[in-house]
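data-v1.csv, holding CSV, C-alpha atoms:
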```csv
chain,number,residue,atom,x,y,z
J,211,MET,CA,39.6,54.5,-59.4
J,212,ASP,CA,36.0,55.5,-59.0
J,213,CYS,CA,35.0,54.9,-62.7
J,214,LEU,CA,31.4,55.8,-63.2
J,215,GLY,CA,30.4,54.8,-59.7
J,216,PHE,CA,27.4,52.7,-60.8
J,217,VAL,CA,28.5,49.5,-59.0
J,218,LYS,CA,30.8,49.1,-56.0
J,219,GLY,CA,33.8,46.9,-56.4
J,220,THR,CA,36.7,46.2,-58.7
J,221,CYS,CA,36.4,45.0,-62.3
J,222,CYS,CA,39.0,44.0,-64.9
J,223,PRO,CA,37.5,44.2,-68.4
J,224,HIS,CA,39.2,42.3,-71.3
J,225,TYR,CA,40.4,39.9,-68.6
J,226,ASP,CA,41.5,37.3,-71.2
J,227,GLU,CA,42.7,39.6,-74.0
J,228,GLU,CA,45.9,41.1,-72.6
J,229,PRO,CA,48.5,38.7,-71.1
J,230,ALA,CA,49.3,41.1,-68.2
J,231,ARG,CA,45.8,41.4,-66.9
J,232,ARG,CA,45.4,38.1,-65.0
J,233,PRO,CA,48.9,38.4,-63.3
J,234,TYR,CA,48.1,42.0,-62.4
J,235,VAL,CA,44.8,41.0,-60.7
J,236,LYS,CA,46.6,38.1,-59.0
J,237,GLY,CA,49.2,40.5,-57.6
J,238,GLN,CA,46.6,42.9,-56.3
J,239,LEU,CA,44.7,40.1,-54.6
J,240,ALA,CA,47.9,38.5,-53.2
J,241,ASN,CA,49.0,41.8,-51.8
J,242,ASN,CA,45.6,42.4,-50.2
J,243,ASN,CA,45.1,45.5,-52.2
J,244,ILE,CA,41.7,44.2,-53.2
J,245,GLU,CA,39.4,41.5,-51.7
J,246,ASP,CA,38.0,40.3,-55.0
J,247,CYS,CA,37.6,41.3,-58.6
J,248,ILE,CA,35.1,40.8,-61.4
J,249,GLY,CA,37.0,39.6,-64.4
J,250,VAL,CA,35.1,40.1,-67.7
J,251,GLU,CA,36.6,38.5,-70.8
J,252,GLY,CA,36.5,40.2,-74.2
J,253,HIS,CA,33.2,39.6,-76.0
J,254,ALA,CA,31.4,39.2,-72.7
J,255,ALA,CA,29.5,41.5,-70.3
J,256,LEU,CA,28.2,41.2,-66.8
J,257,HIS,CA,24.4,41.9,-66.4
J,258,ILE,CA,23.8,43.5,-63.0
J,259,ILE,CA,20.4,44.1,-61.5
J,260,ASN,CA,20.0,46.3,-58.4
J,261,GLU,CA,23.8,46.2,-57.7
J,262,GLU,CA,23.8,42.4,-57.7
J,263,SER,CA,25.6,40.4,-60.4
J,264,TYR,CA,23.0,38.4,-62.4
J,265,LYS,CA,24.4,36.7,-65.4
J,266,SER,CA,27.4,36.8,-67.7
J,267,VAL,CA,26.4,37.6,-71.3
J,268,ASN,CA,28.4,35.8,-74.0
J,269,PHE,CA,28.8,37.7,-77.3
J,270,GLY,CA,31.6,35.5,-78.6
J,271,THR,CA,32.6,31.9,-78.4
J,272,ASN,CA,32.9,30.5,-74.9
J,273,LYS,CA,33.4,33.9,-73.2
J,274,HIS,CA,32.7,34.4,-69.4
J,275,SER,CA,32.7,36.7,-66.5
J,276,TYR,CA,34.1,35.6,-63.1
J,277,ILE,CA,34.3,36.7,-59.5
J,278,VAL,CA,38.1,36.3,-58.8
J,279,ASN,CA,39.4,35.6,-55.3
J,280,TYR,CA,42.8,34.6,-53.9
J,281,GLN,CA,42.9,31.7,-51.4
J,282,ASP,CA,45.8,29.5,-50.2
J,283,ASN,CA,48.2,31.1,-52.8
J,284,LEU,CA,45.8,30.2,-55.6
J,285,VAL,CA,43.6,32.4,-57.8
J,286,ILE,CA,40.1,31.2,-57.8
J,287,GLU,CA,37.9,32.1,-60.8
J,288,ASN,CA,34.3,31.3,-60.2
J,289,PRO,CA,32.3,31.9,-63.4
J,290,TYR,CA,28.9,33.6,-63.3
J,291,ASP,CA,26.0,31.7,-64.9
J,292,SER,CA,26.1,32.6,-68.6
J,293,ILE,CA,23.8,33.2,-71.4
J,294,SER,CA,24.8,33.4,-75.1
J,295,ILE,CA,23.5,35.9,-77.6
```
The structure in this file should be written as structure tokens.
Amino acid sequence: MDCLGFVKGTCCPHYDEEPARRPYVKGQLANNNIEDCIGVEGHAALHIINEESYKSVNFGTNKHSYIVNYQDNLVIENPYDSISI
């Protein structure tokens, strides 16, 4: 899906709000359909500057954005640095 085409890559919004989202991303990664994915939890956003991920913005309580990879049969969620508003 091309979406709006502002930034290259794959993103899963509401990453923590629907139970099927994390398993779906894991399946896509495990099947090598995608290399990585940005997971953005509800009440969070990812601030991007010049096509580079900058910081996760937390609008809720303890909400994050991650770069999600799959290594050695494990999903690795590396959180971006976060700021709270």
**Asked** Closest to J:Tyr225 among J:Leu284, J:Val250, J:Leu239, J:Ile293, using all atoms listed in the file?
**Response**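 Once distances to J:Tyr225 are computed over all atoms listed in the file, the minimum belongs to J:Val250.
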**Message:** Applying 9 Å and all atoms listed in the file, which residues near J:Ser266 remain after dropping the ones on its own chain fewer than 6 positions away? List them as a list in words.
**Reply:**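 With the cut-off at 9 Å, the set is Val250, Ala254, Ala255, Leu256, His257, Ile258, Lys273, His274, Ser275, Tyr276, Pro289, Tyr290, Asp291, Ser292, Ile293 and Ser294 of chain J.
With distances restricted to only C-alpha atoms, J:His253 is the closest residue to J:Asn268 from J:Lys236, J:Arg231, J:Lys218, J:His253.
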**Message:** Please determine, counting all atoms listed in the file, which residue among J:Ile259, J:Cys222, J:Ile295, J:Asn242 has the shortest atom-to-atom distance to J:Ile277.
**Reply:**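 Of the candidates, the smallest distance to J:Ile277 is held by J:Cys222.
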**Request:** Name the closest residue to J:Asn279 among the candidates J:Val217, J:Gly249, J:Pro229, J:Pro223; distances are taken between atoms, counting all atoms listed in the file.
**Result:**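 When distances to J:Asn279 are compared using all atoms listed in the file, the smallest one comes from J:Gly249.
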